[in-house]
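K.L.:
So I've got this file, query_6.cif, and it contains mmCIF, C-alpha atoms and all ligand atoms:
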data_upload
#
loop_
_atom_site.label_atom_id
_atom_site.label_comp_id
_atom_site.auth_asym_id
_atom_site.auth_seq_id
_atom_site.Cartn_x
_atom_site.Cartn_y
_atom_site.Cartn_z
CA MET A 1221 6.09 -8.71 17.21
CA ALA A 1222 9.68 -7.49 17.31
CA THR A 1223 10.08 -3.79 17.70
CA VAL A 1224 12.52 -0.88 17.84
CA ASP A 1225 11.16 2.30 19.49
CA ASP A 1226 7.84 3.04 17.89
CA LYS A 1227 8.61 1.25 14.60
CA PRO A 1228 7.76 -2.39 13.93
CA LEU A 1229 10.51 -4.69 12.64
CA THR A 1230 8.45 -7.70 11.68
CA ILE A 1231 4.73 -7.89 10.95
CA HIS A 1232 2.28 -10.42 9.56
CA GLY A 1233 -0.62 -9.98 7.21
CA GLY A 1234 -2.86 -11.72 4.77
CA CYS A 1235 -6.24 -11.93 3.11
CA LEU A 1236 -9.64 -12.09 4.74
CA CYS A 1237 -10.05 -15.88 4.41
CA GLU A 1238 -6.44 -16.49 5.53
CA SER A 1239 -5.55 -18.61 2.49
CA VAL A 1240 -2.86 -16.05 1.75
CA ARG A 1241 -0.46 -15.18 4.58
CA TYR A 1242 2.81 -13.28 4.60
CA THR A 1243 5.56 -11.94 6.84
CA ILE A 1244 7.34 -8.62 6.33
CA ALA A 1245 10.76 -8.11 7.92
CA PHE A 1246 11.49 -4.40 7.49
CA PRO A 1247 15.08 -3.36 6.78
CA PRO A 1248 16.60 -1.47 9.76
CA ASP A 1249 16.76 1.76 7.73
CA HIS A 1250 13.21 1.53 6.35
CA ASP A 1251 11.63 4.99 6.03
CA PHE A 1252 7.99 4.20 6.81
CA THR A 1253 6.57 7.62 5.97
CA LYS A 1254 8.47 7.94 2.69
CA ALA A 1255 7.39 4.42 1.72
CA CYS A 1256 3.72 5.01 2.34
CA SER A 1257 1.46 6.48 -0.32
CA THR A 1258 -2.16 6.77 -1.34
CA CYS A 1259 -3.79 6.65 -4.75
CA GLN A 1260 -7.12 7.86 -6.00
CA CYS A 1261 -6.83 6.70 -9.63
CA SER A 1262 -9.82 4.99 -11.16
CA GLN A 1263 -8.04 1.61 -11.35
CA CYS A 1264 -7.25 1.58 -7.62
CA ARG A 1265 -10.76 2.75 -6.82
CA LYS A 1266 -12.36 0.09 -8.98
CA GLN A 1267 -10.25 -2.67 -7.55
CA THR A 1268 -10.63 -1.71 -3.89
CA GLY A 1269 -14.17 -0.40 -4.04
CA SER A 1270 -12.73 2.37 -1.89
CA LEU A 1271 -12.08 6.03 -2.67
CA ILE A 1272 -8.54 6.07 -1.27
CA PHE A 1273 -6.09 3.23 -1.73
CA ARG A 1274 -3.04 3.06 0.59
CA VAL A 1275 0.18 1.01 0.45
CA GLN A 1276 3.43 0.61 2.37
CA ASN A 1277 6.18 0.08 -0.20
CA ILE A 1278 8.84 -2.48 0.77
CA PRO A 1279 11.80 -4.21 -0.90
CA LEU A 1280 10.79 -7.58 -2.34
CA SER A 1281 13.53 -9.14 -0.21
CA ALA A 1282 11.62 -8.07 2.93
CA LEU A 1283 8.57 -10.17 1.98
CA THR A 1284 7.97 -13.88 2.63
CA TRP A 1285 4.80 -15.63 1.49
CA ASP A 1286 3.84 -18.08 4.24
CA ALA A 1287 0.80 -19.32 2.26
CA ASP A 1288 -0.12 -18.32 -1.30
CA SER A 1289 -2.18 -21.09 -2.95
CA THR A 1290 -5.03 -18.70 -3.81
CA LEU A 1291 -2.86 -15.68 -4.65
CA ARG A 1292 -3.49 -14.39 -8.18
CA ARG A 1293 -2.22 -11.41 -10.19
CA TYR A 1294 -4.33 -9.08 -12.31
CA ARG A 1295 -2.72 -6.53 -14.62
CA ALA A 1296 -4.88 -3.55 -15.60
CA SER A 1297 -1.70 -2.03 -17.07
CA GLU A 1298 1.11 -4.04 -18.62
CA GLY A 1299 3.83 -4.96 -16.10
CA ARG A 1300 1.83 -3.65 -13.15
CA ALA A 1301 0.38 -6.42 -11.06
CA ARG A 1302 -2.42 -6.27 -8.54
CA GLY A 1303 -2.27 -9.25 -6.19
CA PHE A 1304 -5.50 -10.62 -4.81
CA CYS A 1305 -6.91 -13.73 -3.17
CA SER A 1306 -9.04 -15.71 -5.61
CA ALA A 1307 -11.09 -17.14 -2.74
CA CYS A 1308 -12.09 -14.03 -0.75
CA GLY A 1309 -11.12 -11.16 -3.06
CA SER A 1310 -8.77 -9.31 -0.70
CA PHE A 1311 -6.44 -6.92 -2.53
CA LEU A 1312 -2.94 -7.60 -1.18
CA PHE A 1313 -0.42 -5.64 -3.23
CA TRP A 1314 0.35 -3.40 -6.17
CA GLN A 1315 3.64 -4.00 -7.96
CA ASP A 1316 5.53 -2.49 -10.88
CA GLU A 1317 7.12 -5.75 -11.98
CA SER A 1318 10.22 -4.00 -13.34
CA TYR A 1319 11.10 -2.86 -9.79
CA ASP A 1320 12.46 -4.90 -6.89
CA SER A 1321 9.88 -3.40 -4.56
CA ILE A 1322 6.22 -4.04 -3.86
CA GLY A 1323 3.42 -1.93 -2.40
CA MET A 1324 1.57 -3.87 0.28
CA THR A 1325 -2.00 -2.77 0.99
CA VAL A 1326 -1.98 -1.61 4.59
CA GLY A 1327 -5.52 -2.83 5.27
CA CYS A 1328 -4.29 -6.43 4.91
CA PHE A 1329 -1.78 -6.06 7.74
CA ASP A 1330 -2.98 -7.99 10.78
CA LYS A 1331 -5.01 -5.92 13.21
CA ASP A 1332 -2.38 -6.22 15.95
CA ALA A 1333 0.15 -4.52 13.65
CA LEU A 1334 -2.22 -1.61 13.09
CA ARG A 1335 -2.62 -0.69 16.73
CA GLY A 1336 -1.04 2.34 18.43
CA ALA A 1337 2.27 3.86 17.30
CA HIS A 1338 3.02 0.93 15.00
CA GLY A 1339 -0.25 1.42 13.19
CA ARG A 1340 0.61 5.05 12.60
CA ALA A 1341 4.15 4.25 11.41
CA LEU A 1342 2.83 1.66 8.97
CA THR A 1343 0.07 3.78 7.45
CA TYR A 1344 0.88 7.50 7.75
CA ALA A 1345 1.45 8.91 4.25
CA GLU A 1346 2.53 12.28 2.88
CA ARG A 1347 2.64 11.23 -0.77
CA HIS A 1348 -0.73 11.20 -2.45
CA LEU A 1349 -1.17 10.22 -6.09
CA TRP A 1350 -3.91 11.00 -8.60
CA CYS A 1351 -5.36 13.81 -6.51
CA ASP A 1352 -6.80 15.12 -9.77
CA ALA A 1353 -9.63 12.72 -8.92
CA GLU A 1354 -10.14 14.03 -5.40
CA ILE A 1355 -13.72 14.44 -4.29
CA GLU A 1356 -14.17 17.85 -2.76
CA GLY A 1357 -14.90 17.75 0.93
CA VAL A 1358 -14.48 13.97 1.03
CA THR A 1359 -11.00 12.90 -0.15
CA ASP A 1360 -9.11 16.22 -0.39
CA HIS A 1361 -8.07 16.33 3.28
CA LEU A 1362 -4.82 14.30 3.14
CA PRO A 1363 -1.66 15.83 4.75
CA GLY A 1364 1.54 16.20 2.70
CA ASP A 1365 2.23 16.32 -1.04
CA ARG A 1366 -0.77 15.93 -3.31
CA TYR A 1367 0.30 14.98 -6.82
CA LYS A 1368 -2.09 15.68 -9.64
CA PHE A 1369 -1.30 12.33 -11.27
CA ASP A 1370 1.58 9.90 -10.68
CA ASP A 1371 4.82 11.27 -9.21
CA GLU A 1372 7.08 9.17 -11.43
CA ASP A 1373 5.79 8.95 -14.99
CA GLY A 1374 5.66 12.12 -17.01
CA GLU A 1375 4.53 15.42 -15.60
CA VAL A 1376 4.62 15.92 -11.83
CA VAL A 1377 2.21 18.55 -10.62
CA LEU A 1378 1.99 19.25 -6.93
CA LEU A 1379 -1.36 20.61 -5.90
CA SER A 1380 -1.39 23.45 -3.40
CA PRO A 1381 -2.27 22.53 0.19
CA LYS A 1382 -5.90 22.77 1.16
ZN ZN B 1 -8.49 -15.09 0.92
ZN ZN B 2 -3.91 4.03 -8.43
#
Take the structure in this file and express it as structure tokens.

P.N.:
Amino acid sequence: MATVDDKPLTIHGGCLCESVRYTIAFPPDHDFTKACSTCQCSQCRKQTGSLIFRVQNIPLSALTWDADSTLRRYRASEGRARGFCSACGSFLFWQDESYDSIGMTVGCFDKDALRGAHGRALTYAERHLWCDAEIEGVTDHLPGDRYKFDDEDGEVVLLSPK
């Protein structure tokens, strides 16, 4: 894995059954913390089966699919794709298809990428969406800005720190 200081330059990831594999080559000026976010909306919860969903947002140009024969897209909202493996069910990305960026689910990064300082750089987030659905004492502990809903569409309401 190529590296500069405590930030990774190139990482690999993929689904649980390894039918889908990808490489991410981060741009030199990539702001890892700014690009990382969590979501607690009901769609992300339903798809992941997890209370908090987390992505690292990257330019599409940074992503190469090394294997994608079982990669499928599901759209719960028009123009917003959720990429998953049709063989093992891993949730790989969330993408607003009108943008030239894509949010890669950090749990699908290879375990080597998630170790030590690189793991922190790749997954530390201060931008938390849909905190209106926080579960008190369980998912309301996240550091940084907690948005009531989305931080882009319509009203932006920052919740006060806990
Ligand atoms: Zn798979
Ligand atoms: Zn969501």

K.L.:
Please determine, counting all atoms listed in the file, which residue among A:Ala1282, A:Cys1237, A:Ile1272, A:Ala1296 has the shortest atom-to-atom distance to ligand ZN 1 (chain B).

P.N.:
A:Cys1237

K.L.:
Can you check which parts of chain A lie within 6 Å of ligand ZN 2 (chain B)? Per residue, the shortest pair of atoms and distance in Å to one decimal, counting all atoms listed in the file, sorted by chain and number, as a Markdown table.

P.N.:
| residue | atom | partner | partner_atom | distance |
| --- | --- | --- | --- | --- |
| A:Cys1259 | CA | B:ZN2 | ZN | 4.5 |
| A:Gln1260 | CA | B:ZN2 | ZN | 5.6 |
| A:Cys1261 | CA | B:ZN2 | ZN | 4.1 |
| A:Gln1263 | CA | B:ZN2 | ZN | 5.6 |
| A:Cys1264 | CA | B:ZN2 | ZN | 4.2 |

K.L.:
Report the distance between CA of Leu1236 (chain A) and CA of Ala1341 (chain A) in Å, rounded to one decimal place.

P.N.:
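Spanning CA of Leu1236 (chain A) to CA of Ala1341 (chain A) is a straight-line distance of 22.4 Å.
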
K.L.:
With ligand ZN 1 (chain B) as the partner and 7 Å as the cut-off, tabulate the residues of chain A that qualify, each row holding the nearest pair of atoms and their distance in Å to one decimal, using only C-alpha atoms and all ligand atoms, sorted by chain and rising number, as CSV.

P.N.:
residue,atom,partner,partner_atom,distance
A:Cys1235,CA,B:ZN1,ZN,4.5
A:Leu1236,CA,B:ZN1,ZN,5.0
A:Cys1237,CA,B:ZN1,ZN,3.9
A:Glu1238,CA,B:ZN1,ZN,5.2
A:Ser1239,CA,B:ZN1,ZN,4.8
A:Val1240,CA,B:ZN1,ZN,5.8
A:Thr1290,CA,B:ZN1,ZN,6.9
A:Cys1305,CA,B:ZN1,ZN,4.6
A:Ser1306,CA,B:ZN1,ZN,6.6
A:Ala1307,CA,B:ZN1,ZN,4.9
A:Cys1308,CA,B:ZN1,ZN,4.1
A:Gly1309,CA,B:ZN1,ZN,6.2
A:Ser1310,CA,B:ZN1,ZN,6.0

K.L.:
Could you check the closest approach to Cys1351 (chain A) for each of A:Cys1256, A:Ile1244, A:Val1376, A:Ala1333 and tell me which residue wins, using only C-alpha atoms?

P.N.:
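The closest residue to Cys1351 (chain A) is A:Val1376.
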
K.L.:
For CA of Phe1329 (chain A) and CA of Leu1229 (chain A), determine how far apart the two atoms are, in Å to one decimal place.

P.N.:
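According to the coordinates, CA of Phe1329 (chain A) and CA of Leu1229 (chain A) are separated by 13.3 Å.
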
K.L.:
So, with all atoms listed in the file as the atoms that count, which of A:Asp1249, A:Trp1314, A:Ser1380, A:Val1275 lies closest to Gly1327 (chain A)?

P.N.:
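Once distances to Gly1327 (chain A) are computed over all atoms listed in the file, the minimum belongs to A:Val1275.
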
K.L.:
Pick out the residues sitting within 9 Å of Asn1277 (chain A), and hand them over as a list in words; count all atoms listed in the file, and ignore anything fewer than 2 positions along from it in its own chain.

P.N.:
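Counting only the stated atoms, we get Phe1252, Lys1254, Ala1255, Cys1256, Ser1257, Val1275, Pro1279, Ser1321, Ile1322, Gly1323, Met1324 and Thr1325 of chain A.
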
K.L.:
Pick out the residues sitting within 8 Å of His1348 (chain A), and hand them over as an MDAnalysis selection string; count all atoms listed in the file, and ignore anything fewer than 6 positions along from it in its own chain.

P.N.:
chainID A and resid 1257:1259 1362 1364:1367

K.L.:
Rank nothing, just name the residue among A:Phe1273, A:Leu1291, A:Tyr1344, A:Ala1301 nearest to Thr1359 (chain A), using only C-alpha atoms.

P.N.:
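Counting only C-alpha atoms, the residue closest to Thr1359 (chain A) is A:Phe1273.
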
K.L.:
Using all atoms listed in the file, can you tell me which of A:Ser1262, A:Ser1318, A:Ser1270, A:Thr1284 comes closest to Arg1300 (chain A)?

P.N.:
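Ranking A:Ser1262, A:Ser1318, A:Ser1270, A:Thr1284 by distance to Arg1300 (chain A), first place goes to A:Ser1318.
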